[in-house]
Protein chains: 4
Amino acid sequence: MSTAKTAEHDIFSRRESEVRSYCRSFPTTFASAEGAILTDTAGTSYIDFLAGCSSLNYGHNDPDMKAALIDHIARDGITHALDMYTDEKARFLDAFERLILAPRGMTHKVMMTGPTGTNAVEAAMKLARKVTGRETIVSFTNGFHGMTLGALSLTGNAGKRGGAGTPLNGVARMPYEGAFGPDVDTLAQLEAMLDNPSSGLDAPAAFIVEPVQGEGGLNAASRGWLEGLSRLAKRHGALLIIDDIQSGCGRTGGFFGFDGWDVDPDMVTMAKSLSGMGLPFAALLLKPEHDIWSPAEHNGTFRGNTHAFVTARVALERFWSGNAFPAEVQAKGERLGQRLAEIAAQVPGATVKGRGMMRGIDMGSGDLAGAICARCFDLGLIIETSGAHDEVVKVLAPLTIPTALLDEGLDILDTAVKACVQSTKMAAE
Amino acid sequence: MSTAKTAEHDIFSRRESEVRSYCRSFPTTFASAEGAILTDTAGTSYIDFLAGCSSLNYGHNDPDMKAALIDHIARDGITHALDMYTDEKARFLDAFERLILAPRGMTHKVMMTGPTGTNAVEAAMKLARKVTGRETIVSFTNGFHGMTLGALSLTGNAGKRGGAGTPLNGVARMPYEGAFGPDVDTLAQLEAMLDNPSSGLDAPAAFIVEPVQGEGGLNAASRGWLEGLSRLAKRHGALLIIDDIQSGCGRTGGFFGFDGWDVDPDMVTMAKSLSGMGLPFAALLLKPEHDIWSPAEHNGTFRGNTHAFVTARVALERFWSGNAFPAEVQAKGERLGQRLAEIAAQVPGATVKGRGMMRGIDMGSGDLAGAICARCFDLGLIIETSGAHDEVVKVLAPLTIPTALLDEGLDILDTAVKACVQSTKMAAE
Amino acid sequence: MSTAKTAEHDIFSRRESEVRSYCRSFPTTFASAEGAILTDTAGTSYIDFLAGCSSLNYGHNDPDMKAALIDHIARDGITHALDMYTDEKARFLDAFERLILAPRGMTHKVMMTGPTGTNAVEAAMKLARKVTGRETIVSFTNGFHGMTLGALSLTGNAGKRGGAGTPLNGVARMPYEGAFGPDVDTLAQLEAMLDNPSSGLDAPAAFIVEPVQGEGGLNAASRGWLEGLSRLAKRHGALLIIDDIQSGCGRTGGFFGFDGWDVDPDMVTMAKSLSGMGLPFAALLLKPEHDIWSPAEHNGTFRGNTHAFVTARVALERFWSGNAFPAEVQAKGERLGQRLAEIAAQVPGATVKGRGMMRGIDMGSGDLAGAICARCFDLGLIIETSGAHDEVVKVLAPLTIPTALLDEGLDILDTAVKACVQSTKMAAE
Amino acid sequence: MSTAKTAEHDIFSRRESEVRSYCRSFPTTFASAEGAILTDTAGTSYIDFLAGCSSLNYGHNDPDMKAALIDHIARDGITHALDMYTDEKARFLDAFERLILAPRGMTHKVMMTGPTGTNAVEAAMKLARKVTGRETIVSFTNGFHGMTLGALSLTGNAGKRGGAGTPLNGVARMPYEGAFGPDVDTLAQLEAMLDNPSSGLDAPAAFIVEPVQGEGGLNAASRGWLEGLSRLAKRHGALLIIDDIQSGCGRTGGFFGFDGWDVDPDMVTMAKSLSGMGLPFAALLLKPEHDIWSPAEHNGTFRGNTHAFVTARVALERFWSGNAFPAEVQAKGERLGQRLAEIAAQVPGATVKGRGMMRGIDMGSGDLAGAICARCFDLGLIIETSGAHDEVVKVLAPLTIPTALLDEGLDILDTAVKACVQSTKMAAE
């Protein structure tokens with residue numbers, strides 16, 4: 001970090017908590033953003049391969065969303081109305097029904113939770129326990145679902161859970177697909193535990209699972225495994241909660257991370273890119289037969305962010321009215337996979353992980369992955385790691401990124417990998 | 001609810017979860033809002049004595065905030081940047097330091113939590129446990145702090161806690177001031193419990209307390225009690241967390257609910273009106289000596305809502321640069337108190353509760369209070385109840401409401417009370 | 001400790017865990033015992049004012065019990081039979097029904113738990129939760145109920161609970177009678193908490209209470225308070241569990257610590273002197289309408305100690321066939337009270353506490369109380385402290401102790417108190 | 001059950017709780033016992049293949065133990081002395097050191113816990129958490145460790161845990177050897193979970209494991225698996241607790257269930273046959289470096305049962321002074337295994353399980369196993385089932401049973417199996 005930057009950042013070190021994190025990897029001050037480009041106060045531009053951790057699937061400041069939001073504000077449209085009925089909530093629900101739910105034959109209702117993913121997860125946990133009268137929720141190794149106490153209890157990461165300062169109970173954390181290597185069928189083991197009344201695993205209220213584990217290192221469940229889990233849940237009277245917060249809204253190609261699969265979720269948690277523009281917004285989709293909430297049994301001041309209703313509706317209308325967008329993402333994802341495979345080939349033992357536009361390279365070491373990301377930043381690319389050991393370099397570019405810009409970013413990544421592998425070799429010699 | 005309204009609300013009953021609540025009390029669809037007036041799609045206007053449960057202390061769609069936000073969006077200012085440094089975050093922090101913290105001699109740092117009050121509370125709980133190495137957090141009867149699992153554990157209300165479906169531990173819920181009537185010194189009892197090693201009350205990590213209990217029925221702690229609690233915390237090595245989510249941002253006159261009192265909070269949770277305009281935004285203020293977070297030890301996708309930084313900064317500059325605004329709120333609050341006393345005098349046993357612009361009438365019964373609020377809505381006033389039995393009619397008008405409009409709303413309340421008292425009498429005869 | 005003793009105790013320091021405790025206060029090796037006299041390997045005799053913490057209410061090695069037990073062993077009577085039916089279990093139950101339950105109109109059934117008080121408490125907790133479907137159990141400040149995890153959760157003492165190494169939940173610890181001084185009606189406060197749905201106190205499964213708190217410092221509940229608690233439990237659908245482990249079997253005069261009072265316990269935990277001779281034995285009395293256990297739902301290898309059935313039956317027949325014994329204990333208890341009052345008068349601020357033959361002197365300081373007990377041992381009297389600060393010198397002599405021997409012991413106590421008060425004065429000068 | 005028996009059992013149905021269980025399988029009233037023979041009040045004798053669930057390894061009423069105990073009682077030896085030093089405790093400790101610990105090079109100290117296995121387990125859990133500062137204890141599928149709240153949390157059986165009525169936390173229940181069939185290395189999976197910081201399995205305070213799972217269905221860990229677990233514990237800084245309550249005291253041949261193996265337990269829980277004669281007695285062996293208890297940090301009224309010290313010492317001297325007894329048990333166990341194999345051959349799919357004199361037949365169905373045991377009782381043999389589905393017929397004869405009597409019992413079992421298999425066939429036709 002240069003001296004100039006240090007001066008500029010005085011207010012942050014003086015008055016912002018040490019908990020801040022991304023700013024440590026990208027030590028500059030951003031001032032504007034458009035599409036896949038972030039620009040700092042000095043006028044330097046960066047390609048954004050982080051996209052707000054998948055909160056900006058449609059890029060920064062989409063012109064249509066901007067226009068609709070400005071118009072809404074200018075006409076004194078509702079900004080905050082608790083969970084009262086508003087015209088814009090009706091328009092959003094109408095679009096969501098018409099473009100997302102109805103075409104997929106989904107009868108789900110929408111619960112406007114507090115506008116954070118973790119709040120949608122908390123609501124899902126409460127409801128699963130209420131519906132089934134059971135307590136245990138099964139989550140999976142390397143899963144991440146949020147940082148409030150309930151969601152945190154589902155999380156695999158020991159450091160994050162340790163932050164609770166109090167035990168996190170009511171959860172059984174079981175092996176995700178591949179947790180014991182490709183040859184062990186973790187679903188069969190889960191079933192054996194459930195079938196043995198003395199296994200110590202209680203009949204679960206729910207399974208909560210990410211189709212692709214974003215924070216956990218881009219582990220992607222196969223179609224067969226997720227379909228098997230869906231059947232297993234039904235057989236054991238447990239609800240299936242798909243946490244599609246990071247993998248949804250087109251990130252893996254379809255609107256949902258399980259689109260087109262024979263997976264029947266009782267609930268789906270949505271957040272991140274749901275508002276389209278990066279505004280705080282989250283929702284829980286739940287089957288009507290589970291909608292046994294009492295009014296306000298789970299509530300919150302900012303449930304139903306009206307600004308987000310406006311932009312989310314525009315996003316749905318613009319990107320999900322036909323099949324062009326998912327097809328484009330699909331194609332872009334395949335191209336991404338190929339280029340990553342080429343880049344990975346330079347690193348001994350490295351492997352490509354993930355699915356759709358949610359892919360990355362397991363570099364085998366957190367140190368190497370970190371060094372690569374740092375080098376990328378110097379070269380004008382914002383990119384981050386994930387995984388239990390921060391060993392995976394993760395590409396989460398906006399889905400709308402032009403192919404040329406995607407390639408430009410990947411070229412930077414390629415350069416950074418080359419440089420870091422070279423340094424490593426030299427250090428080893 | 002009229003037939004016309006039912007038709008309009010089809011999409012909500014079809015696709016929005018039964019958990020929705022305020023819309024049941026105010027069954028119309030709102031389309032725009034300005035100052036203290038909400039207008040529905042039919043063009044009917046309502047005086048707003050709910051103000052987003054104190055999220056709209058400066059009224060709906062303040063023109064200066066609107067202008068600043070539209071300008072920010074139009075110039076492609078950052079919408080979402082995780083917790084990276086941005087120009088607007090710097091400007092907000094600078095204003096907050098200059099106008100709020102420095103004048104009060106507060107050394108606190110600001111933690112941008114997920115943009116909901118409950119998230120700020122969860123962060124405070126984690127940090128208190130980490131700092132002290134203790135687990136128990138003392139909360140108070142009738143307290144309300146949020147609906148995620150950690151915050152929920154602090155909550156007095158049995159129904160809300162029951163929604164968890166899992167035990168809520170690590171908390172001791174002790175009597176708030178006045179819980180056993182005016183003659184019992186609950187602070188002395190709390191101290192006796194803390195001084196007895198066999199009392200069953202463990203040495204607490206923290207006390208969390210609302211200066212005025214919004215949901216709990218407008219119970220207002222006295223200066224002496226809150227100052228005593230502050231001393232008690234220090235003496236027992238526990239942190240003092242002031243939950244100023246509903247009582248802060250001017251609601252009781254000062255910026256904080258404890259302004260001018262000899263109360264020394266280790267942490268303050270802020271949300272609701274913090275953004276100024278009703279946008280999702282929350283923060284935790286913490287003393288620098290407690291800022292022992294590891295980076296990202298508590299995180300969240302929407303921490304640091306950039307739109308909210310813009311409007312929050314405008315709110316600070318416009319309302320908190322001098323003493324005019326607090327003085328005006330103070331005066332308005334007194335007027336409110338007098339008028340409520342006159343209205344309450346019509347209801348046998350009714351009492352006025354609260355402080356500043358956070359006052360209401362304990363009607364002695366939830367049925368009566370509910371009937372009064374329903375009648376108000378028919379007469380064009382949005383107003384709600386609170387309290388353990390929903391027995392308190394609560395006035396949470398925007399602080400900026402013109403006196404004439406405040407009076408107009410109170411006239412409606414007066415009319416509604418008269419009518420309901422009359423009905424009750426007739427029913428009793 | 002003399003050199004001679006140290007040598008003798010080598011095996012203990014070498015191979016017995018540091019957790020051992022009473023042996024530290026009474027550093028000699030005991031070899032035989034009869035009535036109220038313990039004799040060590042050197043032939044020195046001690047008057048026993050500890051009586052196995054009320055496990056030897058009928059004295060050591062009662063001749064009738066000895067004879068019956070020797071006879072049983074000699075004839076190859078059952079020693080261990082799990083919970084199969086045995087002749088001696090039938091004889092015990094028959095005597096217990098005839099001499100204890102029927103005369104008091106108690107319909108209770110007997111559950112043979114593992115032969116420790118804590119196990120009876122654990123069984124009571126399970127059953128209360130099963131019967132009511134509720135989780136919270138209310139226990140009281142300064143209460144002590146055992147050291148296994150469930151019983152420990154009920155315990156007031158912070159040090160003991162801290163030993164768990166894991167949070168102890170599902171319990172609300174509320175003020176016992178007198179916890180806030182004689183003028184505060186703790187029962188009324190408990191009721192206020194129960195009547196307020198936002199108090200944070202959940203509807204309890206049960207109240208568990210000791211008629212006299214043995215470990216907690218000989219706090220004796222008044223008849224009015226305990227009867228009020230019994231009514232309160234009924235009114236709130238909670239079970240009343242009387243923990244009579246230390247206060248039962250005649251210790252306060254009647255067989256139960258609530259004999260003759262209008263107290264209607266759903267369950268009573270029994271242990272300590274239940275076997276009559278100090279053998280491990282415990283039982284839970286439960287009303288037949290609560291006897292909804294599945295077979296073996298709570299079990300244990302040593303439930304129903306057959307040797308104890310033999311001696312317990314003899315104890316019942318010998319001491320509880322008429323009214324002579326309780327009358328004698330009553331008289332002896334009053335005498336004890338008078339003498340303790342005289343002794344206490346020498347210590348500024350000291351007060352007599354307790355009831356029946358369960359009395360002691362609050363010396364105002366744990367140091368003083370400890371010094372007095374140590375001096376007593378040197379003078380040939382075994383006596384211990386209790387209370388949150390070990391400040392109470394506690395007399396738990398066998399109920400069968402001859403009056404002359406009781407007086408002899410109290411003379412020693414008097415001498416020790418005089419000496420210690422004198423030392424304290426000299427140290428102060 | 002005959003009418004005569006019903007009359008005799010009136011007192012039990014009238015006054016003993018419905019929780020009673022073994023008496024339901026063996027509906028008669030026992031009056032005396034000697035060696036491996038139980039005799040009821042009608043004079044009918046039964047061969048005992050249950051042996052107090054392994055509490056009577058040396059048979060009923062061993063003459064030497066009887067004589068020593070009668071002598072002790074007759075001479076007014078101590079019956080109850082809390083945990084004060086006694087001559088008989090010294091003699092027991094001396095024998096235990098000389099005959100058991102020293103020959104095996106074990107430095108362990110002995111903690112006298114409450115005289116039940118579950119109490120020893122509770123003490124071990126507390127100590128493991130205190131020593132390591134960690135909370136999670138790993139137990140295993142099908143494990144059983146007791147019924148008090150801490151021990152119960154370790155138990156696999158869902159029904160037993162469900163009896164708690166409150167969540168049982170702080171435990172991770174992992175697959176025992178063979179839980180997923182013979183081809184899955186459960187130890188490797190456990191290690192993978194421990195090595196992955198995002199697995200959701202916290203660093204454990206301890207592993208607690210039975211060398212042979214008595215209640216869980218006679219699953220016997222192999223030497224390799226148990227030695228591997230011992231190494232794994234060390235590598236991860238966790239303590240190894242061997243629960244040898246049912247498998248110890250010679251049941252598998254050696255005094256401990258791990259005798260002669262390279263297993264290094266930090267703690268060993270002992271109970272059941274420890275007293276030799278079936279008296280309530282339990283102990284925790286702990287390495288001196290873990291003996292960080294404060295005095296009385298875990299206590300209990302009946303810790304250190306003096307009668308049991310007497311008989312336990314006799315048992316040690318008589319059976320463990322040389323190698324004859326273990327060799328005899330070894331040989332008898334092999335004979336048992338052969339005969340069981342022959343009997344099992346008659347039942348399609350049945351398999352022999354267990355080790356030493358702790359063996360049985362998995363009949364493939366709880367109904368069949370139950371029918372066989374019922375038939376055995378009619379023929380004069382006391383024998384019970386175990387396993388998650390009660391599918392294993394379990395032979396727990398006294399180790400001292402004469403070979404002819406063992407054969408006689410097995411003949412009865414053989415006859416019962418034949419009859420039941422025949423009935424099953426006929427029912428199927």
# chains A, B, ... in the order shown; residues from 1 in each chain; ligands from 1

call {"tool": "select_by_dssp", "arguments": {"residues": "region 60-289 of chain D", "states": "helix (DSSP H, G or I)", "output": "ChimeraX atom specification"}}
result
/D:63-74,87-104,117-132,149-153,158-162,186-195,223-235,272-275,288-289

call {"tool": "select_by_dssp", "arguments": {"residues": "region 240-382 of chain B", "states": "strand (DSSP E or B)", "output": "ChimeraX atom specification"}}
result
/B:240-243,267-270,283-286,351-355,358-362,381-382

call {"tool": "closest_atom_pairs", "arguments": {"of": "region 14-55 of chain B", "to": "region 264-288 of chain B", "cutoff": "10 Å", "atoms": "only C-alpha atoms", "output": "CSV"}}
result
residue,atom,partner,partner_atom,distance
B:Ala51,CA,B:Gly278,CA,9.2
B:Gly52,CA,B:Gly278,CA,7.7
B:Cys53,CA,B:Lys272,CA,7.8
B:Ser54,CA,B:Lys272,CA,6.4
B:Ser55,CA,B:Lys272,CA,4.1

call {"tool": "closest_residue", "arguments": {"among": "C:Gln422, C:Thr301, C:Gln330, C:Thr186", "to": "Asn119 (chain D)", "atoms": "only C-alpha atoms"}}
result
C:Thr301

call {"tool": "residues_around", "arguments": {"residues": "region 84-93 of chain C", "least_positions_apart": "3", "cutoff": "9 Å", "atoms": "only C-alpha atoms", "output": "PyMOL selection string"}}
result
(chain C and resi 77-78+81+96-98+110+304-307+309-314+316) or (chain D and resi 8-9+11-12+15-16+20-32+40-41)

call {"tool": "interface_residues", "arguments": {"of": "chain C", "to": "chain A", "cutoff": "12 Å", "atoms": "only C-alpha atoms", "output": "PyMOL selection string"}}
result
chain C and resi 165-169

call {"tool": "closest_residue", "arguments": {"among": "D:Ala388, D:Ala95, D:Ala120, D:Leu381", "to": "Gly156 (chain D)", "atoms": "only C-alpha atoms"}}
result
D:Ala388

call {"tool": "residues_around", "arguments": {"residues": "Leu413 (chain A)", "least_positions_apart": "3", "cutoff": "9 Å", "atoms": "only C-alpha atoms", "output": "list of chain:residue names"}}
result
A:Ile343, A:Ile372, A:Cys373, A:Arg375, A:Cys376, A:Leu379, A:Leu381, A:Ile383, A:Glu408, A:Gly409, A:Leu410, A:Ala416, A:Val417, A:Lys418

call {"tool": "residues_around", "arguments": {"residues": "region 126-137 of chain D", "least_positions_apart": "2", "cutoff": "8 Å", "atoms": "only C-alpha atoms", "output": "ChimeraX atom specification"}}
result
/C:163-166 /D:122-124,139,154,170-172,202-208,237-239,290,292-293

call {"tool": "write_last_selection", "arguments": {"atoms": "C-alpha atoms", "output": "PDB file, in the first residue's frame"}}
result
ATOM      1  CA  GLY C 163     -17.049 -27.568  36.098  1.00  0.00           C
ATOM      2  CA  ALA C 164     -19.380 -28.749  33.354  1.00  0.00           C
ATOM      3  CA  GLY C 165     -17.235 -27.297  30.596  1.00  0.00           C
ATOM      4  CA  THR C 166     -20.369 -26.976  28.509  1.00  0.00           C
TER       5      THR C 166
ATOM      6  CA  GLU D 122     -20.031 -37.765  33.563  1.00  0.00           C
ATOM      7  CA  ALA D 123     -16.811 -37.219  35.500  1.00  0.00           C
ATOM      8  CA  ALA D 124     -14.737 -38.206  32.482  1.00  0.00           C
ATOM      9  CA  SER D 139     -18.815 -40.809  20.642  1.00  0.00           C
ATOM     10  CA  LEU D 154     -23.063 -39.639  24.054  1.00  0.00           C
ATOM     11  CA  GLY D 170     -21.507 -30.891  22.791  1.00  0.00           C
ATOM     12  CA  VAL D 171     -21.189 -34.289  21.164  1.00  0.00           C
ATOM     13  CA  ALA D 172     -20.398 -35.505  17.665  1.00  0.00           C
ATOM     14  CA  ASP D 202     -14.713 -29.205  15.944  1.00  0.00           C
ATOM     15  CA  ALA D 203     -11.410 -30.199  17.486  1.00  0.00           C
ATOM     16  CA  PRO D 204     -12.596 -32.714  20.077  1.00  0.00           C
ATOM     17  CA  ALA D 205     -11.899 -32.749  23.793  1.00  0.00           C
ATOM     18  CA  ALA D 206     -12.070 -36.524  23.758  1.00  0.00           C
ATOM     19  CA  PHE D 207     -13.080 -39.715  22.053  1.00  0.00           C
ATOM     20  CA  ILE D 208     -15.124 -42.081  24.182  1.00  0.00           C
ATOM     21  CA  GLY D 237      -4.754 -33.306  21.061  1.00  0.00           C
ATOM     22  CA  ALA D 238      -7.861 -35.148  22.195  1.00  0.00           C
ATOM     23  CA  LEU D 239      -8.114 -37.466  25.178  1.00  0.00           C
ATOM     24  CA  HIS D 290      -4.888 -34.894  33.883  1.00  0.00           C
ATOM     25  CA  ILE D 292      -6.355 -31.203  37.728  1.00  0.00           C
ATOM     26  CA  TRP D 293      -9.603 -31.457  39.654  1.00  0.00           C
TER      27      TRP D 293
END

call {"tool": "atom_distance", "arguments": {"atom1": "CA of Asn61 (chain D)", "atom2": "CA of Arg75 (chain D)"}}
result
20.0 Å

call {"tool": "atom_distance", "arguments": {"atom1": "CA of Ser17 (chain C)", "atom2": "CA of Lys66 (chain D)"}}
result
28.7 Å

call {"tool": "atom_distance", "arguments": {"atom1": "CA of Ala350 (chain C)", "atom2": "CA of Gly387 (chain C)"}}
result
13.7 Å
